[in-house]
>>> print(open('coords.cif').read())   # mmCIF, C-alpha atoms
data_data
loop_
_atom_site.label_atom_id
_atom_site.label_comp_id
_atom_site.auth_asym_id
_atom_site.auth_seq_id
_atom_site.Cartn_x
_atom_site.Cartn_y
_atom_site.Cartn_z
CA MET A 1 121.81 153.39 96.75
CA VAL A 2 118.29 154.60 97.46
CA LEU A 3 116.92 151.90 95.16
CA GLY A 4 119.13 149.35 96.95
CA PHE A 5 117.69 150.26 100.35
CA LEU A 6 114.18 150.27 98.87
CA GLN A 7 114.85 146.81 97.43
CA LYS A 8 116.03 145.48 100.79
CA LEU A 9 113.36 147.14 102.91
CA LEU A 10 110.34 146.69 100.63
CA PHE A 11 110.71 144.58 97.49
CA ASP A 12 112.66 141.73 99.13
CA ARG A 13 109.57 141.08 101.27
CA LEU A 14 107.14 140.71 98.36
CA LEU A 15 107.99 137.07 97.75
CA ILE A 16 105.76 134.97 95.49
CA PHE A 17 106.90 131.42 94.69
CA SER A 18 110.40 132.37 95.91
CA ALA A 19 110.53 135.20 93.35
CA LYS A 20 110.73 138.89 94.20
CA PRO A 21 110.58 142.15 92.25
CA ASP A 22 114.14 143.30 91.57
CA VAL A 23 114.48 147.03 90.93
CA MET A 24 118.27 146.74 90.87
CA LEU A 25 117.92 144.30 87.99
CA LEU A 26 115.65 146.73 86.15
CA LEU A 27 118.19 149.52 86.65
CA THR A 28 121.00 147.24 85.46
CA VAL A 29 119.05 146.43 82.28
CA TRP A 30 118.24 150.11 81.75
CA ILE A 31 121.92 151.08 82.06
CA ALA A 32 123.16 148.15 79.95
CA ARG A 33 120.78 149.05 77.10
CA ARG A 34 121.77 152.71 77.18
CA GLU A 35 125.50 152.48 77.82
CA GLY A 36 126.47 149.16 76.24
CA GLN A 37 127.53 145.72 77.34
CA SER A 38 130.80 146.53 79.14
CA PHE A 39 129.27 149.36 81.13
CA GLY A 40 126.14 147.30 81.86
CA THR A 41 128.21 144.36 83.10
CA THR A 42 130.26 146.62 85.38
CA ALA A 43 127.16 148.45 86.63
CA GLY A 44 125.48 145.10 87.34
CA PHE A 45 128.54 143.91 89.25
CA LEU A 46 128.70 147.08 91.38
CA MET A 47 124.97 147.06 92.12
CA GLY A 48 125.13 143.38 92.98
CA LEU A 49 128.07 144.05 95.28
CA PHE A 50 126.07 146.78 97.04
CA MET A 51 123.15 144.37 97.52
CA ASP A 52 125.61 141.76 98.81
CA LEU A 53 126.72 144.23 101.47
CA LEU A 54 123.11 144.85 102.48
CA HIS A 55 122.29 141.13 102.58
CA GLY A 56 125.47 140.18 104.46
CA THR A 57 126.50 137.75 101.71
CA MET A 58 129.50 138.37 99.48
CA GLY A 59 129.71 137.74 95.76
CA LEU A 60 126.36 136.02 95.12
CA ASP A 61 124.35 139.04 94.00
CA ALA A 62 127.42 140.56 92.33
CA PHE A 63 127.81 137.43 90.19
CA ALA A 64 124.10 137.24 89.30
CA LYS A 65 123.83 140.94 88.41
CA THR A 66 127.05 140.73 86.35
CA ILE A 67 125.42 138.00 84.25
CA SER A 68 122.19 140.05 84.02
CA GLY A 69 124.09 143.17 82.91
CA PHE A 70 126.00 141.21 80.30
CA VAL A 71 122.83 139.59 78.91
CA ALA A 72 120.99 142.94 78.85
CA GLY A 73 123.95 144.44 76.97
CA PHE A 74 122.96 142.42 73.90
CA PHE A 75 119.93 144.74 73.63
CA SER A 76 121.94 147.97 73.55
CA ASN A 77 120.94 149.01 70.07
CA PRO A 78 120.51 152.86 70.02
CA ASP A 79 117.57 152.53 67.57
CA THR A 80 115.48 150.48 70.00
CA LEU A 81 116.21 152.37 73.24
CA ASN A 82 112.64 153.65 73.50
CA ASN A 83 111.08 150.38 72.44
CA LEU A 84 109.12 148.88 75.35
CA THR A 85 109.03 145.34 73.91
CA ASN A 86 112.78 145.36 73.51
CA PHE A 87 113.19 146.48 77.14
CA LEU A 88 110.80 143.81 78.43
CA LEU A 89 112.62 141.13 76.43
CA ALA A 90 115.95 142.32 77.86
CA VAL A 91 114.50 142.24 81.40
CA ALA A 92 113.07 138.74 80.87
CA LEU A 93 116.35 137.29 79.62
CA ALA A 94 118.49 139.16 82.16
CA ALA A 95 116.18 138.05 85.01
CA PHE A 96 116.17 134.44 83.80
CA TRP A 97 119.94 134.10 83.49
CA GLY A 98 120.69 136.22 86.56
CA THR A 99 118.31 134.19 88.75
CA SER A 100 119.61 130.94 87.31
CA ALA A 101 123.19 131.98 88.10
CA TYR A 102 122.15 132.98 91.64
CA GLU A 103 120.27 129.74 92.31
CA LEU A 104 122.98 127.49 90.91
CA LEU A 105 125.77 129.31 92.74
CA SER A 106 123.92 129.54 96.07
CA THR A 107 123.27 125.78 96.01
CA ALA A 108 126.80 124.97 94.77
CA LEU A 109 125.35 123.69 91.45
CA GLN A 110 123.18 121.21 93.40
CA ALA A 111 119.80 122.86 92.70
CA PRO A 112 117.41 120.43 90.94
CA LEU A 113 116.55 121.54 87.40
CA HIS A 114 112.80 121.95 88.07
CA GLU A 115 113.43 124.07 91.19
CA TRP A 116 115.70 126.68 89.65
CA MET A 117 113.63 126.75 86.48
CA GLN A 118 110.56 127.44 88.63
CA VAL A 119 112.29 130.27 90.51
CA ALA A 120 113.79 131.73 87.32
CA VAL A 121 110.49 131.67 85.40
CA ALA A 122 108.58 133.06 88.41
CA THR A 123 111.14 135.88 88.71
CA VAL A 124 110.77 136.71 85.00
CA LEU A 125 106.95 136.79 85.17
CA TYR A 126 106.91 138.73 88.43
CA ASN A 127 109.35 141.37 87.19
CA LEU A 128 107.70 142.08 83.83
CA PRO A 129 104.85 144.26 85.23
CA PHE A 130 107.41 146.15 87.34
CA ALA A 131 109.59 146.51 84.26
CA TYR A 132 106.66 148.08 82.37
CA LEU A 133 106.05 150.59 85.19
CA PHE A 134 109.79 151.26 85.52
CA PHE A 135 110.16 151.89 81.76
CA GLU A 136 107.12 154.14 81.50
CA GLY A 137 108.12 156.02 84.65
CA LEU A 138 111.71 156.65 83.59
CA LYS A 139 110.68 157.57 80.05
CA ARG A 140 108.74 160.54 81.39
CA PHE A 141 111.71 161.89 83.30
CA ILE A 142 114.52 161.10 80.84
CA MET B 1 151.44 141.38 70.76
CA ARG B 2 150.14 144.93 70.53
CA GLN B 3 147.49 143.82 68.04
CA LEU B 4 146.44 141.05 70.42
CA LEU B 5 146.15 143.55 73.27
CA GLU B 6 144.16 145.93 71.11
CA LEU B 7 141.93 143.04 70.05
CA LEU B 8 141.32 142.14 73.69
CA LEU B 9 140.82 145.69 74.92
CA TYR B 10 138.58 146.96 72.12
CA ASP B 11 136.90 144.11 70.26
CA PHE B 12 136.43 141.70 73.18
CA ARG B 13 136.42 144.10 76.10
CA GLN B 14 132.85 143.14 77.11
CA TYR B 15 133.96 139.51 77.54
CA LEU B 16 137.04 140.66 79.42
CA VAL B 17 134.86 142.73 81.78
CA LEU B 18 132.46 139.79 82.22
CA VAL B 19 135.25 137.36 83.11
CA LEU B 20 136.88 139.89 85.44
CA CYS B 21 133.63 140.70 87.31
CA CYS B 22 132.71 137.00 87.58
CA LEU B 23 136.17 136.15 88.93
CA ILE B 24 135.99 138.94 91.54
CA SER B 25 132.48 137.79 92.56
CA LEU B 26 133.57 134.18 92.91
CA GLY B 27 136.69 135.28 94.77
CA LEU B 28 134.54 137.25 97.24
CA LEU B 29 132.18 134.30 97.63
CA VAL B 30 134.98 131.83 98.34
CA ASN B 31 136.85 134.17 100.73
CA CYS B 32 133.82 135.65 102.50
CA ASP B 33 135.05 134.45 105.91
CA THR B 34 138.48 136.07 105.74
CA PRO B 35 139.03 138.72 108.47
CA VAL B 36 138.91 141.69 106.07
CA LEU B 37 135.68 140.67 104.35
CA HIS B 38 134.24 139.64 107.69
CA ALA B 39 134.91 143.15 108.99
CA ILE B 40 133.36 144.73 105.87
CA ARG B 41 130.25 142.54 106.19
CA GLY B 42 130.03 143.41 109.89
CA ALA B 43 130.26 147.12 109.14
CA SER B 44 127.59 146.91 106.43
CA ILE B 45 125.26 144.98 108.74
CA GLU B 46 125.79 147.65 111.40
CA LEU B 47 124.97 150.42 108.94
CA PHE B 48 121.90 148.70 107.51
CA GLY B 49 120.71 147.76 110.99
CA MET B 50 120.73 151.45 111.94
CA ILE B 51 118.60 152.28 108.90
CA GLU B 52 116.31 149.28 109.43
CA MET B 53 115.62 150.08 113.11
CA PRO B 54 113.02 152.87 112.59
CA PHE B 55 111.15 150.71 110.06
CA SER B 56 111.01 147.69 112.37
CA ALA B 57 109.83 150.00 115.17
CA TRP B 58 107.08 151.29 112.82
CA ASN B 59 106.00 147.71 112.04
CA ARG B 60 106.06 146.83 115.71
CA TYR B 61 103.83 149.82 116.54
CA PHE B 62 101.09 148.64 114.20
CA GLY B 63 101.37 145.11 115.53
CA LEU B 64 100.98 146.21 119.16
CA MET B 65 97.27 145.32 119.50
CA GLU B 66 97.81 141.82 118.21
CA GLU B 67 100.97 141.44 120.23
CA ASN B 68 99.20 142.69 123.37
CA ALA B 69 96.44 140.08 123.02
CA ALA B 70 99.01 137.35 122.47
CA LEU B 71 100.99 138.54 125.50
CA LEU B 72 97.87 138.50 127.69
CA ALA B 73 97.13 134.93 126.64
CA THR B 74 100.74 133.91 127.22
CA ASN B 75 100.70 135.70 130.58
CA ALA B 76 97.65 133.71 131.72
CA GLU B 77 99.31 130.46 130.63
CA LEU B 78 102.55 131.45 132.33
CA CYS B 79 100.80 132.34 135.60
CA ALA B 80 99.36 128.83 135.77
CA GLU B 81 102.71 127.42 134.73
CA VAL B 82 104.56 129.43 137.39
CA SER B 83 102.37 128.16 140.22
CA ARG B 84 102.87 124.58 139.01
CA MET B 85 106.59 125.17 138.67
CA ARG B 86 106.89 126.69 142.14
CA SER B 87 105.56 123.54 143.75
CA ALA B 88 107.66 121.46 141.37
CA GLN B 89 110.72 123.55 142.28
CA VAL B 90 110.21 122.90 146.00
CA GLU B 91 109.86 119.19 145.37
CA ASN B 92 112.77 119.25 142.97
CA GLU B 93 115.05 121.00 145.47
CA LYS B 94 114.26 118.40 148.12
CA LEU B 95 114.99 115.55 145.72
CA ARG B 96 118.19 117.19 144.49
CA ALA B 97 119.37 117.75 148.03
CA LEU B 98 118.71 114.08 148.70
CA LEU B 99 120.69 113.03 145.69
CA ASN B 100 123.41 115.56 146.50
CA CYS B 101 123.22 116.96 142.97
CA LYS B 102 124.43 120.35 142.03
CA LEU B 103 121.78 122.77 140.82
CA GLN B 104 122.39 124.00 137.33
CA THR B 105 123.55 127.59 137.23
CA PRO B 106 121.00 129.82 135.44
CA ARG B 107 122.34 130.76 132.05
CA PRO B 108 122.92 134.44 131.16
CA LEU B 109 120.38 135.43 128.52
CA HIS B 110 120.23 138.64 126.49
CA PHE B 111 116.91 139.85 125.07
CA ALA B 112 116.87 141.00 121.42
CA HIS B 113 114.44 142.04 118.69
CA VAL B 114 114.48 140.51 115.23
CA VAL B 115 115.06 143.64 113.13
CA ASP B 116 115.39 142.04 109.71
CA ARG B 117 114.99 138.72 108.02
CA THR B 118 116.50 137.52 104.76
CA VAL B 119 113.85 135.26 103.26
CA HIS B 120 115.14 132.52 101.00
CA PRO B 121 113.68 129.15 99.96
CA GLU B 122 116.60 127.39 101.66
CA ARG B 123 118.84 129.87 103.44
CA ASN B 124 116.84 132.06 105.80
CA LEU B 125 118.78 134.45 108.02
CA PHE B 126 117.69 136.80 110.81
CA MET B 127 119.27 140.01 112.05
CA ILE B 128 118.90 140.87 115.74
CA ASP B 129 119.61 144.13 117.56
CA ALA B 130 122.21 142.67 119.89
CA GLY B 131 125.87 142.59 118.97
CA ALA B 132 129.42 142.30 120.20
CA GLN B 133 128.95 145.20 122.65
CA ASP B 134 126.20 143.19 124.36
CA GLY B 135 128.52 140.21 124.73
CA VAL B 136 127.19 138.35 121.70
CA GLU B 137 129.76 136.20 119.90
CA ASN B 138 129.78 133.92 116.90
CA GLY B 139 128.52 130.43 117.72
CA MET B 140 126.22 131.45 120.58
CA ALA B 141 122.80 129.79 120.74
CA VAL B 142 119.65 131.85 120.10
CA LEU B 143 116.38 130.73 121.67
CA THR B 144 112.88 131.67 122.76
CA ASP B 145 110.68 130.37 125.55
CA LYS B 146 109.47 127.75 123.03
CA GLY B 147 112.89 126.38 122.13
CA LEU B 148 115.96 126.66 119.92
CA VAL B 149 115.96 129.35 117.19
CA GLY B 150 119.50 128.97 115.80
CA ARG B 151 123.01 130.24 116.31
CA VAL B 152 124.89 133.50 115.79
CA VAL B 153 127.09 133.41 112.67
CA LEU B 154 128.17 137.03 112.29
CA THR B 155 128.37 139.99 114.67
CA SER B 156 128.90 143.74 114.49
CA PRO B 157 129.05 146.05 117.54
CA HIS B 158 125.25 146.41 117.81
CA PHE B 159 123.78 143.71 115.56
CA ALA B 160 124.20 140.04 114.78
CA ILE B 161 123.16 137.66 112.03
CA VAL B 162 121.45 134.46 113.20
CA GLN B 163 121.43 131.26 111.17
CA PRO B 164 118.10 129.70 112.20
CA VAL B 165 117.07 126.05 112.32
CA VAL B 166 115.16 126.79 109.08
CA ASN B 167 118.37 127.18 107.08
CA SER B 168 119.52 124.20 105.05
CA ASP B 169 123.12 124.74 106.25
CA PHE B 170 122.05 124.32 109.88
CA LYS B 171 122.13 120.97 111.67
CA VAL B 172 121.70 120.28 115.36
CA SER B 173 122.17 117.03 117.27
CA VAL B 174 119.12 116.06 119.33
CA VAL B 175 117.96 113.32 121.65
CA SER B 176 114.41 112.05 121.94
CA GLU B 177 112.97 112.71 125.39
CA LYS B 178 111.52 109.28 126.18
CA THR B 179 113.31 106.77 123.98
CA ARG B 180 116.72 108.54 124.28
CA LEU B 181 117.58 108.08 120.60
CA PHE B 182 120.23 110.39 119.15
CA GLY B 183 119.77 112.00 115.75
CA VAL B 184 120.27 115.19 113.79
CA VAL B 185 117.53 117.70 113.00
CA HIS B 186 117.91 119.21 109.55
CA TRP B 187 115.65 121.52 107.55
CA ALA B 188 115.74 120.81 103.82
CA GLY B 189 113.69 123.79 102.63
CA GLY B 190 109.99 124.33 102.01
CA ASP B 191 107.60 124.58 104.98
CA ILE B 192 109.28 126.54 107.81
CA ALA B 193 107.22 124.70 110.43
CA VAL B 194 108.63 121.22 109.79
CA ALA B 195 112.09 119.65 109.52
CA GLU B 196 113.53 116.14 109.33
CA LEU B 197 115.14 113.94 111.98
CA LEU B 198 118.04 112.04 110.44
CA HIS B 199 120.13 108.98 111.38
CA ILE B 200 117.53 106.98 113.35
CA PRO B 201 117.89 103.34 112.21
CA VAL B 202 114.73 101.48 111.07
CA SER B 203 115.38 98.91 113.81
CA ARG B 204 114.65 101.52 116.53
CA ARG B 205 111.29 102.78 117.67
CA ILE B 206 110.44 106.41 118.22
CA GLU B 207 107.04 107.70 119.30
CA VAL B 208 104.94 110.31 117.51
CA GLY B 209 104.57 113.34 119.79
CA GLU B 210 107.89 112.73 121.49
CA ARG B 211 109.90 115.89 122.20
CA LEU B 212 113.39 116.34 120.74
CA LEU B 213 115.94 118.13 122.89
CA THR B 214 119.47 119.38 122.26
CA THR B 215 122.24 117.07 123.43
CA GLU B 216 125.22 117.56 125.72
CA PHE B 217 127.60 117.28 122.79
CA SER B 218 126.16 120.13 120.72
CA THR B 219 128.94 122.59 119.79
CA PHE B 220 126.87 125.69 120.53
CA ALA B 221 123.63 124.93 122.40
CA ASN B 222 123.23 123.88 126.00
CA ALA B 223 121.58 120.52 126.58
CA ASN B 224 117.80 119.98 126.90
CA LEU B 225 116.61 122.89 124.78
CA PRO B 226 113.43 121.87 122.91
CA VAL B 227 113.92 121.73 119.13
CA GLY B 228 110.65 120.12 118.06
CA THR B 229 108.31 117.16 118.36
CA VAL B 230 108.09 114.03 116.25
CA GLU B 231 105.12 114.43 113.93
CA HIS B 232 105.32 111.53 111.50
CA VAL B 233 107.41 108.36 111.31
CA GLU B 234 107.75 106.31 108.16
CA ALA B 235 109.73 103.10 107.77
CA SER B 236 110.71 101.89 104.34
CA ASN B 237 112.23 98.46 103.59
CA SER B 238 114.67 99.99 101.14
CA ASP B 239 116.06 102.58 103.60
CA LEU B 240 118.44 102.04 106.51
CA PHE B 241 116.99 104.97 108.45
CA LEU B 242 113.49 106.02 109.43
CA ARG B 243 111.94 108.99 107.66
CA ILE B 244 110.87 111.23 110.51
CA THR B 245 109.09 114.54 110.19
CA VAL B 246 109.58 116.99 113.05
CA ARG B 247 107.28 119.89 113.93
CA LEU B 248 109.64 122.64 115.06
CA ALA B 249 109.14 124.09 118.53
CA VAL B 250 109.57 127.70 117.42
CA ASP B 251 107.11 129.38 115.05
CA PHE B 252 109.53 131.12 112.67
CA SER B 253 106.76 132.86 110.75
CA THR B 254 105.93 135.07 113.74
CA LEU B 255 109.33 135.32 115.38
CA GLU B 256 109.94 138.82 116.75
CA HIS B 257 111.81 138.48 120.03
CA VAL B 258 114.62 136.13 120.98
CA PHE B 259 117.15 135.48 123.71
CA VAL B 260 120.84 135.04 123.04
CA ASP B 261 122.43 132.52 125.40
CA LEU B 262 125.60 134.38 126.39
CA THR B 263 127.30 131.21 127.55
CA LYS B 264 130.62 131.20 125.66
CA PRO B 265 130.93 128.45 123.04
CA ASN B 266 133.15 125.64 124.25
CA ILE B 267 136.44 126.46 122.54
CA GLU B 268 138.14 123.39 123.98
CA LYS B 269 135.66 121.07 122.28
CA ASP B 270 136.09 122.85 118.94
CA TYR B 271 139.87 122.79 119.32
CA LEU B 272 139.83 119.06 120.01
CA ARG B 273 137.60 118.42 116.99
CA ALA B 274 139.92 120.50 114.79
CA ARG B 275 142.95 118.56 116.05
CA TYR B 276 141.16 115.29 115.37
CA LYS B 277 140.44 116.40 111.78
CA GLU B 278 144.14 117.18 111.36
CA PHE B 279 145.02 113.63 112.40
CA GLN B 280 142.57 112.11 109.92
#
>>> encode(input="coords.cif", output="structure tokens")
Amino acid sequence: MVLGFLQKLLFDRLLIFSAKPDVMLLLTVWIARREGQSFGTTAGFLMGLFMDLLHGTMGLDAFAKTISGFVAGFFSNPDTLNNLTNFLLAVALAAFWGTSAYELLSTALQAPLHEWMQVAVATVLYNLPFAYLFFEGLKRFI
Amino acid sequence: MRQLLELLLYDFRQYLVLVLCCLISLGLLVNCDTPVLHAIRGASIELFGMIEMPFSAWNRYFGLMEENAALLATNAELCAEVSRMRSAQVENEKLRALLNCKLQTPRPLHFAHVVDRTVHPERNLFMIDAGAQDGVENGMAVLTDKGLVGRVVLTSPHFAIVQPVVNSDFKVSVVSEKTRLFGVVHWAGGDIAVAELLHIPVSRRIEVGERLLTTEFSTFANANLPVGTVEHVEASNSDLFLRITVRLAVDFSTLEHVFVDLTKPNIEKDYLRARYKEFQ
């Protein structure tokens, strides 16, 4: 919840090329890799739902984060949990498909290909440095 | 049957969870305007607004110097404007009395701060610190001294969500001040300072610099509110309508204070439109 409020109050305002850092996405990926695909998908859905409540929309973020959690769940191999590259790859793919789902759903599948690709790629690139900090930070505490 | 259930619950449970979560999300998205979800959204906006308030106050404190300078400049402009308007008012009253016209009743306006903004390439939204307890209702027009900002789309007791002109779902009917051409102003995304004026046939002429005002038949805004000015007109042989760029009257990048026009939306008009749709 604290991360959700932080996301809404701070990170949502750091827009670059329509992309923003998404700490809820990073947390979803972290959980999905540790707890597995089903748990990650559910966690993504619940966190998305919480963000929906903060944004005043219903279902959009929940849908996107569900997709992100599911995609990140493919990287839930216990042997690679402390592997940074694996985490970054999971974040990149989860961010790409989550953002794509969000863009396509919010425009009722009318978003031009180049526009949602631009937003999705920008979101991936923007979130990778935050993912690195997030991973290194959490690794010290957990 | 039991084997099938076991297969679903154990071997494919991640897909089952995915489908279930996606269906719930889509269900929420489709039914977001039902009374229950509306109430939940209202409550969450209220809660977040409470948390957001101290932060917006903090931001406002650091912007006071800049705001003060801007207010002084506006004050000087307004002083000159007021003296011009006073003499115009006297003259206007005499002319109106001669024509036996009724003076328009001043509209009730409620002052509000913009406490949060949801920034999106196409669907911007603002939250203001005025809600149902202040008399704000869905469909009411929101404006500044410069012109139309948008309309209220969701309220809670102390806060309201405003769908601004710079939201691709927003359209407002306008009339050009001099040439009296009717069209629709629509923002298609991108630069939040410019929008498009639609439905003006290529056979008609509209002047660059002409002001666009809201019309009498708008469902939410009172007539003659400035929306923008015509910035660029382009005629193409292949199109039936002119391509017109409009510079919006309100600067949305610096919007901090607004007025909510507490005039109740015309329910009778909406009712009639709904009935007409039923007949179609």
>>> atom_distance(input="coords.cif", atom1="atom CA of Met140 of chain B", atom2="atom CA of Leu26 of chain B")
28.8 Å
>>> resolve_selection(input="coords.cif", expression="the PyMOL selection byres ((chain B and resi 15) around 12)", output="list in words")
Gln37, Ser38, Phe39, Gly40, Thr41, Thr42, Thr66, Ile67, Gly69, Phe70, Val71, Gly73 and Phe74 of chain A; Leu7, Leu8, Leu9, Tyr10, Asp11, Phe12, Arg13, Gln14, Leu16, Val17, Leu18, Val19, Leu20, Cys21 and Cys22 of chain B
>>> resolve_selection(input="coords.cif", expression="the PyMOL selection byres ((chain B) within 9 of (chain A))", output="ChimeraX atom specification")
/B:13-18,21-32,37,40-45,47-48,51-52,55,116-123,154,161
>>> residues_around(input="coords.cif", residues="Thr229 of chain B", least_positions_apart="2", cutoff="10 Å", atoms="only C-alpha atoms", output="list in words")
Ser176, Glu177, Val194, Ala195, Leu197, Glu207, Val208, Gly209, Glu210, Arg211, Leu212, Leu213, Pro226, Val227, Glu231, His232, Thr245, Val246, Arg247, Leu248 and Ala249 of chain B
>>> resolve_selection(input="coords.cif", expression="the PyMOL selection byres ((chain A and resi 88) around 12)", output="ChimeraX atom specification")
/A:25-26,29-30,33,72,75,80-87,89-95,124-136
>>> atom_distance(input="coords.cif", atom1="atom CA of Gly189 of chain B", atom2="atom CA of Tyr102 of chain A")
16.6 Å
>>> atom_distance(input="coords.cif", atom1="atom CA of Asn138 of chain B", atom2="atom CA of Glu256 of chain B")
20.4 Å
>>> residues_around(input="coords.cif", residues="Val152 of chain B", least_positions_apart="4", cutoff="9 Å", atoms="all atoms listed in the file", output="PyMOL selection string")
chain B and resi 136-142+160-164+260
>>> residues_near_point(input="coords.cif", point="(112.7, 128.6, 120.3)", cutoff="10 Å", atoms="only C-alpha atoms", output="list of chain:residue names")
B:Val142, B:Leu143, B:Thr144, B:Asp145, B:Lys146, B:Gly147, B:Leu148, B:Val149, B:Gly150, B:Pro164, B:Val165, B:Leu225, B:Pro226, B:Val227, B:Gly228, B:Leu248, B:Ala249, B:Val250, B:Asp251, B:Phe252, B:Leu255, B:His257, B:Val258, B:Phe259
>>> closest_residue(input="coords.cif", among="B:Leu262, B:Leu72, B:Met65, B:Val202", to="Ala221 of chain B", atoms="all atoms listed in the file")
B:Leu262
>>> residues_around(input="coords.cif", residues="Thr215 of chain B", least_positions_apart="4", cutoff="6 Å", atoms="all atoms listed in the file", output="ChimeraX atom specification")
/B:174-175,223
>>> decode(input="coords.cif", residues="segment 145-190 of chain B", atoms="C-alpha atoms", output="PDB file, in the first residue's frame")
ATOM      1  CA  ASP B 145     -11.233  33.172 -16.017  1.00  0.00           C
ATOM      2  CA  LYS B 146      -9.619  32.147 -19.342  1.00  0.00           C
ATOM      3  CA  GLY B 147     -12.330  29.725 -20.422  1.00  0.00           C
ATOM      4  CA  LEU B 148     -13.672  26.179 -20.322  1.00  0.00           C
ATOM      5  CA  VAL B 149     -11.613  23.546 -18.455  1.00  0.00           C
ATOM      6  CA  GLY B 150     -13.918  20.510 -18.706  1.00  0.00           C
ATOM      7  CA  ARG B 151     -16.745  18.810 -16.893  1.00  0.00           C
ATOM      8  CA  VAL B 152     -17.210  16.869 -13.662  1.00  0.00           C
ATOM      9  CA  VAL B 153     -17.469  13.112 -14.257  1.00  0.00           C
ATOM     10  CA  LEU B 154     -17.249  11.668 -10.748  1.00  0.00           C
ATOM     11  CA  THR B 155     -17.867  13.088  -7.273  1.00  0.00           C
ATOM     12  CA  SER B 156     -17.271  12.100  -3.667  1.00  0.00           C
ATOM     13  CA  PRO B 157     -18.352  14.188  -0.642  1.00  0.00           C
ATOM     14  CA  HIS B 158     -15.259  16.445  -0.737  1.00  0.00           C
ATOM     15  CA  PHE B 159     -13.596  15.801  -4.103  1.00  0.00           C
ATOM     16  CA  ALA B 160     -14.479  15.466  -7.755  1.00  0.00           C
ATOM     17  CA  ILE B 161     -12.832  14.124 -10.891  1.00  0.00           C
ATOM     18  CA  VAL B 162     -12.825  16.496 -13.870  1.00  0.00           C
ATOM     19  CA  GLN B 163     -12.586  15.302 -17.464  1.00  0.00           C
ATOM     20  CA  PRO B 164     -10.762  18.214 -19.131  1.00  0.00           C
ATOM     21  CA  VAL B 165     -10.890  19.410 -22.732  1.00  0.00           C
ATOM     22  CA  VAL B 166      -7.494  17.690 -23.117  1.00  0.00           C
ATOM     23  CA  ASN B 167      -9.027  14.225 -22.834  1.00  0.00           C
ATOM     24  CA  SER B 168      -9.704  12.359 -26.063  1.00  0.00           C
ATOM     25  CA  ASP B 169     -13.140  11.284 -24.755  1.00  0.00           C
ATOM     26  CA  PHE B 170     -14.198  14.915 -24.353  1.00  0.00           C
ATOM     27  CA  LYS B 171     -16.019  16.837 -27.082  1.00  0.00           C
ATOM     28  CA  VAL B 172     -17.709  20.205 -26.843  1.00  0.00           C
ATOM     29  CA  SER B 173     -19.890  21.997 -29.383  1.00  0.00           C
ATOM     30  CA  VAL B 174     -18.663  25.508 -30.188  1.00  0.00           C
ATOM     31  CA  VAL B 175     -19.575  28.452 -32.358  1.00  0.00           C
ATOM     32  CA  SER B 176     -17.119  30.835 -33.973  1.00  0.00           C
ATOM     33  CA  GLU B 177     -17.515  34.365 -32.635  1.00  0.00           C
ATOM     34  CA  LYS B 178     -17.583  36.314 -35.910  1.00  0.00           C
ATOM     35  CA  THR B 179     -18.584  33.888 -38.643  1.00  0.00           C
ATOM     36  CA  ARG B 180     -21.094  31.995 -36.415  1.00  0.00           C
ATOM     37  CA  LEU B 181     -20.055  28.567 -37.694  1.00  0.00           C
ATOM     38  CA  PHE B 182     -20.915  25.583 -35.508  1.00  0.00           C
ATOM     39  CA  GLY B 183     -18.416  22.805 -34.914  1.00  0.00           C
ATOM     40  CA  VAL B 184     -17.023  20.453 -32.310  1.00  0.00           C
ATOM     41  CA  VAL B 185     -13.729  20.943 -30.474  1.00  0.00           C
ATOM     42  CA  HIS B 186     -11.912  17.673 -29.885  1.00  0.00           C
ATOM     43  CA  TRP B 187      -8.447  16.933 -28.493  1.00  0.00           C
ATOM     44  CA  ALA B 188      -6.817  13.921 -30.130  1.00  0.00           C
ATOM     45  CA  GLY B 189      -3.767  13.634 -27.865  1.00  0.00           C
ATOM     46  CA  GLY B 190      -0.269  15.087 -28.004  1.00  0.00           C
TER      47      GLY B 190
END
